[in-house]
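One structure below.
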Amino acid sequence: MAASVMLLYAACALAAALLVARVTKHSSDDTRQTILGSGEMFDAIAPRYDIINTALSLGMHSRWRRRMVASLELKPGFKVLDLGTGTADVALSIAKELARQEGNKEIGQEAVIGLDPSQNMLSHGRKKVSKAGFSDKAVKLIHGDALNLTASFPEGATFDAVTMAFAIRNIPDRSQVLQQIFKVLKQGGKVAILELAEPTFPPARWFVRYCVPFIGSLLSGGARREYQHLERSVMAFDSRRFAQQISDAGLQLQSITAMNFGSVNLYIATKTEVA
């Protein structure tokens with residue numbers, strides 16, 4: 001039964017890719033010189049990033065994001081930092097939840113800050129923020145590096161929660177990012193990190209290994225190298241080691257929730273005072 005579901009999933013993803021590819025204008029830009037996993041790589045695929053994500057996950061990425069945001073247990077007045085914000089999907093989900101907490105009133109200035117190394121991704125994100133009815137002061141998107149948050153924020157700046165979705169595996173020094181998160185997270189604050197992992201279910205593993213590069217290349221206009229990097233980075237990501245790195249950074253790991261045949265993990269951690 002599970003194998004049949006996975007095959008149907010692969011077929012639907014491929015069909016969606018073929019359909020979208022027919023109506024999406026492909027770019028002839030040469031992106032082969034970009035550093036894989038870098039902001040420049042995401043600059044190159046930014047115009048079709050959202051379409052590709054939807055096709056590859058059949059829209060399930062929205063459900064994963066909602067679960068992550070719900071885990072934060074947001075309260076009125078919270079300030080949240082979203083690292084690797086990309087086109088601002090997570091930042092907007094957080095902003096909408098904060099607005100709901102406020103009784104659908106305007107949220108405060110810089111209630112949500114999204115940080116990303118790709119200017120093109122941020123440009124698309126700002127359009128989405130405006131379209132959603134939020135000001136660029138309430139949901140502020142900034143260019144920056146998760147490895148060096150002190151360059152983006154004044155000394156002493158802190159947040160009630162920090163999120164990161166599908167970005168940590170692209171950063172070579174994950175321990176440094178977690179240490180940076182620890183510095184800007186308030187005592188009692190919560191961290192929620194969504195990341196892909198090698199699926200435990202064989203058909204799902206086959207889909208990630210073979211379908212993801214092909215579908216990504218089809219939708220992106222030929223960026224097969226970039227989506228091969230996606231597949232390889234997923235297979236190389238060590239979930240157990242990452243969980244240990246979270247603890248080593250001084251954060252208290254609360255839970256790891258596996259979703260979608262083990263292909264997505266939600267890590268929840270808090271910053272608590274040492275007794």
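Ligands are numbered from 1 in the order shown, chains are lettered A, B, ... in the order of the structure tokens, and residues start at 1 in each chain.
These are the residues of range 105-171 of chain A assigned alpha helix (DSSP H) by DSSP from backbone coordinates: Gln119, Asn120, Met121, Leu122, Ser123, His124, Gly125, Arg126, Lys127, Lys128, Val129, Ser130 and Lys131 of chain A.
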Please produce an output containing all heavy atoms for each residue in the selection, written as a compact mmCIF listing (two decimals), in the first residue's frame.
```txt
# COMPACT_ATOMS: atom_id res chain seq x y z
N GLN A 119 19.76 37.61 -2.85
CA GLN A 119 19.00 38.84 -3.10
C GLN A 119 17.78 38.56 -3.97
O GLN A 119 16.72 39.16 -3.76
CB GLN A 119 19.92 39.86 -3.80
CG GLN A 119 21.02 40.43 -2.94
CD GLN A 119 20.52 41.50 -1.96
OE1 GLN A 119 19.34 41.60 -1.67
NE2 GLN A 119 21.45 42.30 -1.44
N ASN A 120 17.91 37.67 -4.95
CA ASN A 120 16.78 37.40 -5.84
C ASN A 120 15.63 36.71 -5.10
O ASN A 120 14.46 36.99 -5.35
CB ASN A 120 17.22 36.54 -7.02
CG ASN A 120 18.05 37.32 -8.03
OD1 ASN A 120 18.23 38.53 -7.89
ND2 ASN A 120 18.55 36.65 -9.04
N MET A 121 15.97 35.80 -4.20
CA MET A 121 14.93 35.14 -3.41
C MET A 121 14.21 36.18 -2.54
O MET A 121 12.98 36.17 -2.43
CB MET A 121 15.55 34.06 -2.53
CG MET A 121 16.17 32.90 -3.29
SD MET A 121 14.99 31.70 -3.92
CE MET A 121 14.82 30.65 -2.48
N LEU A 122 14.98 37.08 -1.94
CA LEU A 122 14.39 38.12 -1.11
C LEU A 122 13.49 39.05 -1.91
O LEU A 122 12.43 39.49 -1.44
CB LEU A 122 15.49 38.93 -0.42
CG LEU A 122 16.28 38.19 0.66
CD1 LEU A 122 17.49 39.02 1.09
CD2 LEU A 122 15.41 37.86 1.86
N SER A 123 13.90 39.34 -3.14
CA SER A 123 13.09 40.20 -4.00
C SER A 123 11.72 39.58 -4.25
O SER A 123 10.68 40.26 -4.18
CB SER A 123 13.83 40.43 -5.33
OG SER A 123 13.03 41.21 -6.21
N HIS A 124 11.70 38.29 -4.53
CA HIS A 124 10.42 37.59 -4.72
C HIS A 124 9.64 37.56 -3.42
O HIS A 124 8.41 37.71 -3.41
CB HIS A 124 10.67 36.17 -5.22
CG HIS A 124 11.03 36.09 -6.67
ND1 HIS A 124 10.10 36.03 -7.68
CD2 HIS A 124 12.23 36.10 -7.29
CE1 HIS A 124 10.70 35.99 -8.86
NE2 HIS A 124 12.00 36.03 -8.64
N GLY A 125 10.35 37.39 -2.30
CA GLY A 125 9.70 37.36 -1.00
C GLY A 125 9.03 38.68 -0.67
O GLY A 125 7.91 38.71 -0.13
N ARG A 126 9.67 39.80 -0.98
CA ARG A 126 9.10 41.12 -0.68
C ARG A 126 7.79 41.34 -1.44
O ARG A 126 6.86 41.96 -0.93
CB ARG A 126 10.11 42.21 -0.99
CG ARG A 126 11.31 42.20 -0.03
CD ARG A 126 12.25 43.36 -0.26
NE ARG A 126 13.41 43.25 0.64
CZ ARG A 126 14.63 42.90 0.26
NH1 ARG A 126 14.86 42.61 -1.03
NH2 ARG A 126 15.60 42.80 1.13
N LYS A 127 7.74 40.84 -2.66
CA LYS A 127 6.50 40.96 -3.44
C LYS A 127 5.38 40.17 -2.77
O LYS A 127 4.22 40.62 -2.72
CB LYS A 127 6.72 40.45 -4.86
CG LYS A 127 7.67 41.31 -5.69
CD LYS A 127 7.94 40.67 -7.04
CE LYS A 127 8.98 41.47 -7.83
NZ LYS A 127 9.32 40.81 -9.11
N LYS A 128 5.71 39.00 -2.23
CA LYS A 128 4.71 38.17 -1.57
C LYS A 128 4.25 38.81 -0.26
O LYS A 128 3.07 38.73 0.10
CB LYS A 128 5.27 36.77 -1.33
CG LYS A 128 5.42 35.96 -2.60
CD LYS A 128 6.36 34.78 -2.45
CE LYS A 128 5.84 33.72 -1.53
NZ LYS A 128 6.72 32.53 -1.52
N VAL A 129 5.18 39.44 0.46
CA VAL A 129 4.83 40.12 1.71
C VAL A 129 3.84 41.24 1.43
O VAL A 129 2.81 41.38 2.12
CB VAL A 129 6.10 40.68 2.38
CG1 VAL A 129 5.73 41.65 3.51
CG2 VAL A 129 6.95 39.55 2.94
N SER A 130 4.11 42.03 0.39
CA SER A 130 3.22 43.13 0.02
C SER A 130 1.86 42.61 -0.41
O SER A 130 0.81 43.15 -0.02
CB SER A 130 3.86 43.95 -1.10
OG SER A 130 3.00 44.98 -1.53
N LYS A 131 1.86 41.55 -1.20
CA LYS A 131 0.61 40.98 -1.69
C LYS A 131 -0.24 40.43 -0.55
O LYS A 131 -1.48 40.45 -0.60
CB LYS A 131 0.91 39.87 -2.70
CG LYS A 131 -0.32 39.31 -3.40
CD LYS A 131 0.07 38.29 -4.45
CE LYS A 131 -1.15 37.74 -5.17
NZ LYS A 131 -0.77 36.74 -6.21
```
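The smallest atom-to-atom distance between Thr54 in chain A and any of A:Leu83, A:Leu266, A:Asp89, A:Gly188, using only C-alpha atoms, is found for A:Asp89.
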Min atom-atom distance to Val177 in chain A from the set A:Glu73, A:Asp82, A:Glu195, A:Asp145, counting only C-alpha atoms, belongs to A:Asp145
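Of the residues listed (A:Ala165, A:Ala204, A:Ala269, A:Ala258), A:Ala165 shows the shortest atom-to-atom separation from His61 in chain A; distances use only C-alpha atoms.
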In Å, how far is it from CA of Val69 in chain A to CA of Ser93 in chain A?
7.1 Å
Name the residues in contact with Gln180 in chain A at a cut-off of 9 Å, using only C-alpha atoms, excluding same-chain residues fewer than 2 positions from it; report them as a PyMOL selection string.
chain A and resi 146-150+175-178+182-185+249
